[in-house]
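Novice: So that you have it, the file is target_3.txt, and it contains compact mmCIF, C-alpha atoms:
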```
# COMPACT_ATOMS: atom_id res chain seq x y z
CA MET A 11 19.23 26.03 -29.32
CA SER A 12 18.19 28.47 -26.62
CA LEU A 13 21.69 29.91 -26.49
CA PHE A 14 21.51 30.84 -30.17
CA GLU A 15 17.95 32.16 -29.92
CA GLU A 16 18.85 34.34 -26.96
CA LYS A 17 22.00 35.45 -28.81
CA GLU A 18 24.19 34.44 -25.91
CA VAL A 19 26.65 32.61 -28.18
CA PHE A 20 27.63 32.70 -31.83
CA ARG A 21 29.56 30.33 -34.06
CA HIS A 22 33.22 31.07 -34.43
CA ASN A 23 33.33 29.52 -37.89
CA PRO A 24 29.77 29.15 -39.25
CA LYS A 25 30.97 27.16 -42.23
CA TYR A 26 32.30 24.20 -40.18
CA LYS A 27 30.06 24.63 -37.13
CA LEU A 28 33.07 24.31 -34.89
CA GLY A 29 33.68 26.50 -31.87
CA LEU A 30 31.41 28.94 -30.12
CA ASN A 31 32.07 32.41 -28.78
CA SER A 32 30.12 33.93 -25.96
CA THR A 33 28.52 37.33 -26.12
CA ASP A 34 28.22 39.73 -23.22
CA LYS A 35 24.68 38.48 -22.72
CA GLY A 36 26.02 34.90 -22.58
CA VAL A 37 28.62 35.83 -19.99
CA ALA A 38 25.92 37.50 -17.89
CA SER A 39 23.79 34.33 -18.14
CA PHE A 40 26.75 32.25 -17.01
CA VAL A 41 27.51 34.55 -14.08
CA ASN A 42 23.85 34.62 -13.01
CA LYS A 43 23.65 30.81 -13.40
CA LYS A 44 20.57 31.18 -15.56
CA TYR A 45 20.66 27.69 -17.09
CA LYS A 46 21.75 26.00 -13.88
CA LYS A 47 18.68 27.47 -12.16
CA LYS A 48 16.46 26.32 -15.05
CA ASN A 49 17.90 22.83 -14.76
CA GLU A 50 17.36 22.80 -10.99
CA ASP A 51 13.77 23.96 -11.50
CA ILE A 52 13.19 21.12 -13.95
CA ILE A 53 14.60 18.57 -11.51
CA ILE A 54 12.56 20.01 -8.62
CA ASN A 55 9.39 19.87 -10.71
CA TRP A 56 10.05 16.22 -11.63
CA VAL A 57 10.62 15.38 -7.97
CA LYS A 58 7.39 17.17 -6.99
CA ILE A 59 5.41 15.29 -9.62
CA PHE A 60 7.00 12.01 -8.58
CA VAL A 61 6.21 12.62 -4.92
CA GLN A 62 2.65 13.72 -5.69
CA ILE A 63 2.07 10.45 -7.50
CA VAL A 64 4.10 8.01 -5.40
CA VAL A 65 3.07 9.14 -1.90
CA PRO A 66 -0.69 8.65 -2.46
CA VAL A 67 -0.09 5.31 -4.18
CA LEU A 68 2.07 4.11 -1.30
CA ALA A 69 -0.52 5.37 1.20
CA LEU A 70 -3.19 3.41 -0.67
CA ILE A 71 -1.06 0.27 -0.64
CA VAL A 72 -0.42 0.61 3.09
CA ALA A 73 -4.14 1.16 3.75
CA VAL A 74 -5.13 -1.90 1.71
CA LEU A 75 -2.51 -4.04 3.45
CA SER A 76 -3.60 -2.85 6.87
CA LEU A 77 -7.27 -3.53 6.09
CA THR A 78 -6.42 -6.96 4.74
CA ILE A 79 -4.42 -7.84 7.84
CA LYS A 80 -7.17 -6.49 10.10
CA LEU A 81 -9.86 -8.47 8.27
CA ASP A 82 -7.75 -11.62 8.44
CA SER A 83 -7.22 -11.21 12.17
CA LEU A 84 -10.96 -10.60 12.69
CA LYS A 85 -11.76 -13.70 10.64
CA MET A 86 -9.33 -15.78 12.68
CA GLN A 87 -10.80 -14.45 15.90
CA SER A 88 -14.36 -15.19 14.77
CA ASP A 89 -13.28 -18.68 13.66
CA LYS A 90 -11.82 -19.33 17.12
CA GLU A 91 -15.00 -18.09 18.80
CA LEU A 92 -17.11 -20.23 16.48
CA GLN A 93 -14.97 -23.26 17.27
CA LYS A 94 -15.42 -22.59 21.00
CA LEU A 95 -19.18 -22.36 20.53
CA GLU A 96 -19.20 -25.59 18.54
CA ASN A 97 -17.23 -27.30 21.30
CA ILE A 98 -19.66 -26.02 23.90
CA MET A 99 -22.60 -27.19 21.81
CA GLN A 100 -21.00 -30.61 21.43
CA GLU A 101 -20.47 -30.83 25.18
CA GLN A 102 -24.08 -29.79 25.77
CA LYS A 103 -25.28 -32.36 23.30
CA LEU A 104 -23.27 -35.08 25.05
CA SER A 105 -24.59 -34.06 28.44
CA ILE A 106 -28.18 -34.07 27.09
CA GLU A 107 -27.64 -37.54 25.67
CA LYS A 108 -26.28 -38.73 29.03
CA LEU A 109 -29.29 -37.29 30.80
CA GLU A 110 -31.64 -38.95 28.32
CA MET A 111 -29.91 -42.27 28.89
CA LYS A 112 -30.25 -41.86 32.66
CA THR A 113 -33.94 -41.07 32.38
CA LYS A 114 -34.50 -44.14 30.17
CA ILE A 115 -32.71 -46.30 32.68
CA LEU A 116 -34.74 -44.83 35.54
CA ARG A 117 -38.02 -45.36 33.66
CA ASN A 118 -37.12 -48.94 32.88
CA ARG A 119 -36.31 -49.62 36.55
CA LYS A 120 -39.58 -48.14 37.73
CA LYS A 121 -41.55 -50.27 35.27
CA LYS A 122 -39.90 -53.46 36.49
CA TYR A 123 -40.98 -52.87 40.05
CA PHE A 124 -44.56 -52.04 39.28
```
Would you mind writing the file out in structure tokens?

Specialist:
Amino acid sequence: MSLFEEKEVFRHNPKYKLGLNSTDKGVASFVNKKYKKKNEDIIINWVKIFVQIVVPVLALIVAVLSLTIKLDSLKMQSDKELQKLENIMQEQKLSIEKLEMKTKILRNRKKKYF
């Protein structure tokens, strides 16, 4: 429609709507690549909009993934440390029980002799 509105073309046979002729203004538009530049501008604008939306979304996804992985690794590390502490506590408990058994045995021996 823009070609007709700008009077860059006209219909050769208006009755059948077949064939178009170019005016001098239309030839100048073709030589200056007016519509090609408009089309390129449209494509560039779409790409800019796409990039402005996609890049932040991808950055957000990467940030969430990295935080998730970091939190998982910290949880695993804290679980390992907790397991080590539990093992140490169990060993301490066993050694305390052994010491208590030794003291009971020693008390019983002393009582027998006296």

Novice: Quick one: pull the distance between CA of Asn31 (chain A) and CA of Lys17 (chain A), Å, one decimal.

Specialist: 10.5 Å

Novice: So the first atom is CA of Val65 (chain A) and the second is CA of Lys46 (chain A); what is the distance between them in Å, to one decimal place?

Specialist: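 Interatomic distance here is 27.9 Å.
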
Novice: Would you list the contacts of Leu30 (chain A) as a PDB file with C-alpha atoms, keeping the file's coordinate frame, taking every protein, DNA or RNA residue within 6 Å and counting all atoms listed in the file, but skipping same-chain residues closer than 2 positions in sequence?

Specialist:
```pdb
ATOM      1  CA  PHE A  20      27.630  32.700 -31.830  1.00  0.00           C
ATOM      2  CA  ARG A  21      29.560  30.330 -34.060  1.00  0.00           C
ATOM      3  CA  HIS A  22      33.220  31.070 -34.430  1.00  0.00           C
TER       4      HIS A  22
END
```

Novice: Provide the CA of Ser12 (chain A) to CA of Gly36 (chain A) distance in Å, to one decimal place.

Specialist: 10.9 Å
